[in-house]
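**Student:** File input_11.tsv follows (TSV, C-alpha atoms):
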```tsv
chain	number	residue	atom	x	y	z
A	1	MET	CA	18.22	-27.53	8.94
A	2	PRO	CA	18.60	-24.08	10.60
A	3	GLU	CA	15.42	-22.23	11.51
A	4	LYS	CA	14.22	-19.73	8.93
A	5	PRO	CA	15.05	-16.15	10.02
A	6	THR	CA	12.15	-14.20	11.48
A	7	GLU	CA	10.83	-11.66	8.98
A	8	GLU	CA	10.62	-8.00	9.94
A	9	MET	CA	6.96	-7.18	10.66
A	10	LYS	CA	6.63	-4.02	8.59
A	11	SER	CA	8.11	-5.67	5.50
A	12	PHE	CA	5.97	-8.78	6.04
A	13	PHE	CA	2.72	-6.81	5.87
A	14	ASP	CA	3.85	-4.21	3.32
A	15	SER	CA	4.48	-7.04	0.86
A	16	ARG	CA	1.05	-8.59	1.53
A	17	SER	CA	-1.11	-5.46	1.49
A	18	GLU	CA	-2.63	-6.21	-1.93
A	19	SER	CA	-3.73	-9.72	-1.00
A	20	TYR	CA	-4.44	-9.25	2.72
A	21	ASP	CA	-8.23	-8.84	2.56
A	22	LYS	CA	-8.63	-11.89	0.31
A	23	HIS	CA	-6.35	-13.91	2.59
A	24	MET	CA	-8.45	-13.07	5.64
A	25	GLN	CA	-11.70	-13.86	3.83
A	26	GLU	CA	-10.33	-17.30	3.01
A	27	ASN	CA	-8.73	-18.07	6.39
A	28	VAL	CA	-10.88	-16.56	9.15
A	29	ALA	CA	-13.67	-18.91	10.19
A	30	SER	CA	-17.10	-17.43	9.31
A	31	PHE	CA	-15.40	-14.24	8.10
A	32	GLU	CA	-18.52	-12.05	7.80
A	33	ALA	CA	-19.99	-13.17	11.12
A	34	PHE	CA	-16.63	-12.68	12.84
A	35	TYR	CA	-16.25	-9.06	11.72
A	36	ARG	CA	-19.89	-8.31	12.48
A	37	LYS	CA	-19.44	-9.67	16.01
A	38	ILE	CA	-16.36	-7.48	16.50
A	39	ALA	CA	-18.60	-4.40	16.23
A	40	GLU	CA	-21.54	-5.65	18.33
A	41	PRO	CA	-20.15	-4.58	21.75
A	42	ILE	CA	-20.15	-0.98	20.47
A	43	VAL	CA	-23.42	0.66	21.50
A	44	PRO	CA	-25.14	2.25	18.47
A	45	THR	CA	-24.70	6.01	18.68
A	46	ALA	CA	-24.71	9.18	16.59
A	47	GLU	CA	-22.18	10.75	18.96
A	48	PRO	CA	-18.47	11.17	18.04
A	49	VAL	CA	-17.31	8.32	20.26
A	50	LYS	CA	-13.53	7.80	20.40
A	51	ILE	CA	-12.25	4.39	19.29
A	52	LEU	CA	-8.66	3.10	19.25
A	53	ASP	CA	-7.85	0.52	16.55
A	54	LEU	CA	-4.56	-1.30	17.18
A	55	GLY	CA	-2.88	-3.02	14.24
A	56	CYS	CA	-5.68	-1.63	12.07
A	57	GLY	CA	-4.17	-2.83	8.78
A	58	THR	CA	-6.59	-2.28	5.89
A	59	GLY	CA	-9.49	-1.58	8.27
A	60	LEU	CA	-11.57	-4.72	7.69
A	61	GLU	CA	-13.28	-4.19	11.06
A	62	LEU	CA	-14.28	-0.57	10.41
A	63	GLU	CA	-17.18	-1.20	8.02
A	64	ALA	CA	-19.29	-2.79	10.75
A	65	ILE	CA	-18.06	-0.39	13.43
A	66	LEU	CA	-19.00	2.69	11.41
A	67	LYS	CA	-22.48	1.31	10.83
A	68	ARG	CA	-23.00	1.32	14.60
A	69	ALA	CA	-21.15	4.58	15.26
A	70	PRO	CA	-21.12	6.58	11.99
A	71	ARG	CA	-19.53	9.64	13.62
A	72	ALA	CA	-16.87	7.68	15.49
A	73	LEU	CA	-13.45	9.27	15.81
A	74	ILE	CA	-10.99	6.50	14.97
A	75	THR	CA	-7.31	6.44	15.90
A	76	GLY	CA	-5.64	3.63	13.94
A	77	ILE	CA	-2.07	2.45	14.53
A	78	ASP	CA	-0.14	0.07	12.28
A	79	LEU	CA	3.49	-0.55	11.32
A	80	SER	CA	2.71	-0.99	7.63
A	81	GLY	CA	2.39	2.12	5.51
A	82	GLU	CA	1.11	0.03	2.61
A	83	MET	CA	-1.72	-1.39	4.73
A	84	LEU	CA	-2.63	2.07	6.00
A	85	GLY	CA	-2.73	3.32	2.41
A	86	LYS	CA	-5.30	0.65	1.56
A	87	MET	CA	-7.34	1.68	4.57
A	88	GLN	CA	-7.31	5.34	3.50
A	89	GLU	CA	-8.59	4.37	0.05
A	90	LYS	CA	-11.45	2.33	1.50
A	91	TYR	CA	-12.63	4.97	3.95
A	92	ILE	CA	-12.01	8.17	2.01
A	93	ASP	CA	-15.53	9.35	2.91
A	94	PHE	CA	-14.60	9.17	6.61
A	95	SER	CA	-11.15	10.75	6.27
A	96	ASN	CA	-12.04	13.63	8.60
A	97	GLN	CA	-12.88	11.09	11.33
A	98	ILE	CA	-9.87	8.80	11.01
A	99	ASN	CA	-6.40	9.59	12.34
A	100	LEU	CA	-3.82	7.05	11.15
A	101	ILE	CA	-0.46	6.59	12.83
A	102	GLN	CA	2.29	4.53	11.23
A	103	GLY	CA	4.15	3.08	14.16
A	104	ASN	CA	4.52	0.31	16.72
A	105	TYR	CA	1.52	0.34	19.05
A	106	LEU	CA	3.69	-1.14	21.80
A	107	LYS	CA	5.75	2.04	21.81
A	108	GLU	CA	3.12	4.68	21.03
A	109	ASP	CA	1.68	6.76	23.87
A	110	LEU	CA	-1.98	5.74	24.02
A	111	GLY	CA	-2.89	8.31	26.65
A	112	LYS	CA	-4.97	7.83	29.79
A	113	GLY	CA	-8.75	7.72	29.96
A	114	VAL	CA	-9.10	8.79	26.32
A	115	PHE	CA	-11.12	6.12	24.51
A	116	ALA	CA	-14.58	4.62	24.95
A	117	TYR	CA	-13.48	1.53	23.02
A	118	ALA	CA	-10.25	-0.10	21.89
A	119	VAL	CA	-10.19	-2.78	19.21
A	120	SER	CA	-7.57	-5.19	17.92
A	121	VAL	CA	-8.20	-7.80	15.25
A	122	MET	CA	-5.81	-10.59	14.32
A	123	THR	CA	-2.71	-8.74	15.53
A	124	VAL	CA	-1.77	-9.47	19.15
A	125	HIS	CA	-1.06	-13.16	18.47
A	126	HIS	CA	2.22	-11.88	17.03
A	127	LEU	CA	3.43	-10.81	20.49
A	128	LEU	CA	5.60	-12.54	23.07
A	129	PRO	CA	4.20	-12.80	26.64
A	130	GLY	CA	6.00	-9.82	28.20
A	131	PRO	CA	5.11	-7.19	25.58
A	132	LYS	CA	1.57	-8.56	25.33
A	133	GLN	CA	0.96	-8.13	29.05
A	134	GLU	CA	2.38	-4.60	28.93
A	135	LEU	CA	0.13	-3.75	25.97
A	136	TYR	CA	-3.01	-4.88	27.79
A	137	THR	CA	-2.06	-2.70	30.76
A	138	LYS	CA	-1.61	0.29	28.41
A	139	ILE	CA	-4.94	-0.37	26.73
A	140	CYS	CA	-6.76	-0.56	30.08
A	141	SER	CA	-5.18	2.74	31.11
A	142	ALA	CA	-6.14	4.37	27.77
A	143	LEU	CA	-9.82	3.50	28.23
A	144	ARG	CA	-12.34	5.66	30.03
A	145	PRO	CA	-14.04	4.13	33.11
A	146	GLY	CA	-16.47	1.53	31.80
A	147	GLY	CA	-14.66	1.44	28.47
A	148	LYS	CA	-14.32	-1.81	26.54
A	149	TYR	CA	-11.45	-3.53	24.78
A	150	ILE	CA	-12.60	-5.83	21.96
A	151	GLU	CA	-10.11	-8.43	20.75
A	152	GLY	CA	-10.70	-10.77	17.83
A	153	ASP	CA	-7.85	-13.19	17.31
A	154	TYR	CA	-6.58	-16.76	17.11
A	155	TYR	CA	-6.59	-18.88	20.28
A	156	VAL	CA	-5.40	-22.43	20.82
A	157	VAL	CA	-5.70	-25.29	23.30
A	158	PRO	CA	-3.23	-25.22	26.23
A	159	GLU	CA	-1.10	-28.03	24.76
A	160	LYS	CA	-0.59	-26.10	21.54
A	161	GLU	CA	0.16	-22.93	23.48
A	162	LYS	CA	2.98	-24.76	25.26
A	163	GLU	CA	4.42	-25.81	21.90
A	164	TYR	CA	4.43	-22.21	20.67
A	165	LEU	CA	5.98	-20.92	23.91
A	166	GLU	CA	8.71	-23.54	23.69
A	167	LYS	CA	9.37	-22.66	20.06
A	168	TYR	CA	9.96	-19.00	20.89
A	169	LYS	CA	11.57	-19.55	24.29
A	170	GLY	CA	14.61	-17.34	24.72
A	171	ARG	CA	13.65	-14.99	21.90
A	172	ASP	CA	14.67	-11.42	22.59
A	173	GLU	CA	11.54	-9.56	23.69
A	174	GLU	CA	13.24	-6.21	23.10
A	175	GLY	CA	12.12	-6.44	19.45
A	176	ARG	CA	8.65	-5.65	20.81
A	177	GLY	CA	6.43	-6.33	17.85
A	178	GLN	CA	8.99	-5.54	15.16
A	179	TYR	CA	9.33	-9.12	13.93
A	180	HIS	CA	6.70	-11.52	12.60
A	181	ILE	CA	5.98	-14.53	14.77
A	182	ASP	CA	2.78	-16.49	15.45
A	183	LEU	CA	2.18	-17.12	19.15
A	184	PRO	CA	-1.55	-17.52	19.90
A	185	PHE	CA	-2.37	-18.21	23.54
A	186	SER	CA	-5.07	-20.34	25.13
A	187	LEU	CA	-8.39	-18.87	26.27
A	188	GLU	CA	-7.35	-19.50	29.88
A	189	THR	CA	-4.10	-17.57	29.50
A	190	GLN	CA	-5.90	-14.69	27.79
A	191	LYS	CA	-8.32	-14.32	30.70
A	192	GLN	CA	-5.42	-14.23	33.15
A	193	LEU	CA	-3.59	-11.56	31.14
A	194	PHE	CA	-6.70	-9.36	31.00
A	195	SER	CA	-7.18	-9.72	34.75
A	196	PHE	CA	-3.55	-8.85	35.48
A	197	ALA	CA	-3.89	-5.76	33.24
A	198	GLY	CA	-6.68	-4.38	35.43
A	199	PHE	CA	-9.83	-5.24	33.50
A	200	SER	CA	-12.78	-5.85	35.83
A	201	ARG	CA	-14.86	-8.10	33.58
A	202	VAL	CA	-13.91	-10.38	30.70
A	203	GLU	CA	-16.24	-12.31	28.41
A	204	LEU	CA	-15.68	-14.60	25.45
A	205	VAL	CA	-18.53	-13.52	23.19
A	206	TRP	CA	-17.85	-15.59	20.07
A	207	GLU	CA	-15.80	-18.66	19.19
A	208	GLU	CA	-15.42	-20.81	16.09
A	209	GLY	CA	-12.47	-23.01	15.25
A	210	GLU	CA	-9.37	-21.20	16.46
A	211	SER	CA	-10.96	-17.76	16.10
A	212	GLY	CA	-12.54	-16.01	19.05
A	213	ILE	CA	-13.65	-12.61	20.32
A	214	PHE	CA	-13.07	-11.31	23.85
A	215	VAL	CA	-14.62	-8.22	25.40
A	216	ALA	CA	-12.72	-6.87	28.41
A	217	GLU	CA	-14.33	-4.04	30.40
A	218	LYS	CA	-12.42	-1.52	32.47
```
Kindly return the structure encoded in the file as structure tokens.
**Tutor:**
Amino acid sequence: MPEKPTEEMKSFFDSRSESYDKHMQENVASFEAFYRKIAEPIVPTAEPVKILDLGCGTGLELEAILKRAPRALITGIDLSGEMLGKMQEKYIDFSNQINLIQGNYLKEDLGKGVFAYAVSVMTVHHLLPGPKQELYTKICSALRPGGKYIEGDYYVVPEKEKEYLEKYKGRDEEGRGQYHIDLPFSLETQKQLFSFAGFSRVELVWEEGESGIFVAEK
């Protein structure tokens, strides 16, 4: 049987925007603890700290983040206009603090030394190795000195990683995040990618099942 065609990423998430939050609640291990832990590396502050949210979707991570930094200036990037619409509805009271960009974060200019924090939640496991490494380098560059990148995502054992890499071997990386695939890496590979990108310190701060949270410091 021929392999099922890879679905275009924007369409994949546009069609799931209504059910996305419920899906994550049912499928992310210890959902509430996971999203609370995503925010913990952010130092509580009343200052307008700049935060980059990559693949922000419906903004599940923002509730806890805004409790720690209620005046945070959020730049959110996502391919799906439908998901961004849901996020706008949720955070209407913070609309003057949130700048949403509909686009591919692999191609957007993230700037240099702009953000105190960058966050991605359950999004970069959709990337092939080359684009993923390039993204981490861009994120490191976009952070201020001492800035932190917080990544919550799926990770797998090395044997399973090899299976995924073999499955997608030879796929055209020029699509660069435009098509939906699932390619979670091992914890060991993740640490190597962060190091190659220029991060000085990397820590796994939470892990349960195949969900984990890394904090990488510039």
**Student:** Counting all atoms listed in the file, which residues sit no farther than 6 Å from the position (-7.6, -0.2, 16.0) in the file's frame? I'd like them as a VMD selection string.
**Tutor:** chain A and resid 52 to 56 76 119 to 120
**Student:** So what do you get for CA of Ile74 (chain A) versus CA of Ile51 (chain A), distance-wise?
**Tutor:**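 CA of Ile74 (chain A) sits 5.0 Å away from CA of Ile51 (chain A).
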**Student:** Can you list, as a PyMOL selection string, every protein, DNA or RNA residue that comes within 9 Å of Pro129 (chain A) when you count all atoms listed in the file, leaving out same-chain residues fewer than 4 positions away?
**Tutor:** chain A and resi 133-134+165+173+183
**Student:** Restrict the selected residues to C-alpha atoms and save them as an mmCIF file, in the frame of the given file.
**Tutor:**
```
data_model
loop_
_atom_site.group_PDB
_atom_site.id
_atom_site.type_symbol
_atom_site.label_atom_id
_atom_site.label_comp_id
_atom_site.auth_asym_id
_atom_site.auth_seq_id
_atom_site.Cartn_x
_atom_site.Cartn_y
_atom_site.Cartn_z
ATOM 1 C CA GLN A 133 0.960 -8.130 29.050
ATOM 2 C CA GLU A 134 2.380 -4.600 28.930
ATOM 3 C CA LEU A 165 5.980 -20.920 23.910
ATOM 4 C CA GLU A 173 11.540 -9.560 23.690
ATOM 5 C CA LEU A 183 2.180 -17.120 19.150
#
```
**Student:** So, counting all atoms listed in the file, which residue among A:Val215, A:Leu66, A:Leu127, A:Ala116 is closest to Phe199 (chain A)?
**Tutor:**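 Nearest to Phe199 (chain A): A:Val215.
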**Student:** Distance CA of Leu135 (chain A)-CA of Phe13 (chain A), one decimal place?
**Tutor:**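 These two atoms are separated by 20.5 Å.
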**Student:** Using only C-alpha atoms, can you tell me which of A:Met122, A:Leu128, A:Ile150, A:Leu62 comes closest to Lys167 (chain A)?
**Tutor:**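 Closest to Lys167 (chain A) of all the choices is A:Leu128.
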**Student:** Quote the spacing between CA of Phe31 (chain A) and CA of Tyr154 (chain A) in Å to one decimal place.
**Tutor:**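 Atom-to-atom, CA of Phe31 (chain A) and CA of Tyr154 (chain A) are spaced 12.9 Å apart.
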**Student:** May I ask which of the residues A:Leu73, A:Glu217, A:Ile181, A:Glu207 is the closest one to Arg144 (chain A), counting all atoms listed in the file?
**Tutor:** A:Glu217
**Student:** Can you pull out every residue within 9 Å of Ala29 (chain A), counting only C-alpha atoms, but drop anything in the same chain fewer than 3 positions away, and send it as a list in words?
**Tutor:**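 Once the nearby chain positions are removed, what remains is Gln25, Glu26, Glu32, Ala33, Phe34, Glu208, Gly209, Glu210 and Ser211 of chain A.
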**Student:** Choose the residue, out of A:Pro131, A:Ser141, A:Ser11, A:Tyr168, that has the smallest atom-to-atom separation from Leu193 (chain A); count all atoms listed in the file.
**Tutor:**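 Among A:Pro131, A:Ser141, A:Ser11, A:Tyr168, it is A:Pro131 that comes nearest to Leu193 (chain A).
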**Student:** A:Tyr149, A:Lys138, A:His125, A:Gly85: which is nearest Ile42 (chain A), counting only C-alpha atoms?
**Tutor:**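 Of A:Tyr149, A:Lys138, A:His125, A:Gly85, the one nearest Ile42 (chain A) is A:Tyr149, counting only C-alpha atoms.
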**Student:** Using only C-alpha atoms, which residues sit within 10 Å of Lys160 (chain A) once same-chain residues fewer than 6 positions away are excluded, as an MDAnalysis selection string?
**Tutor:** chainID A and resid 166 183:186
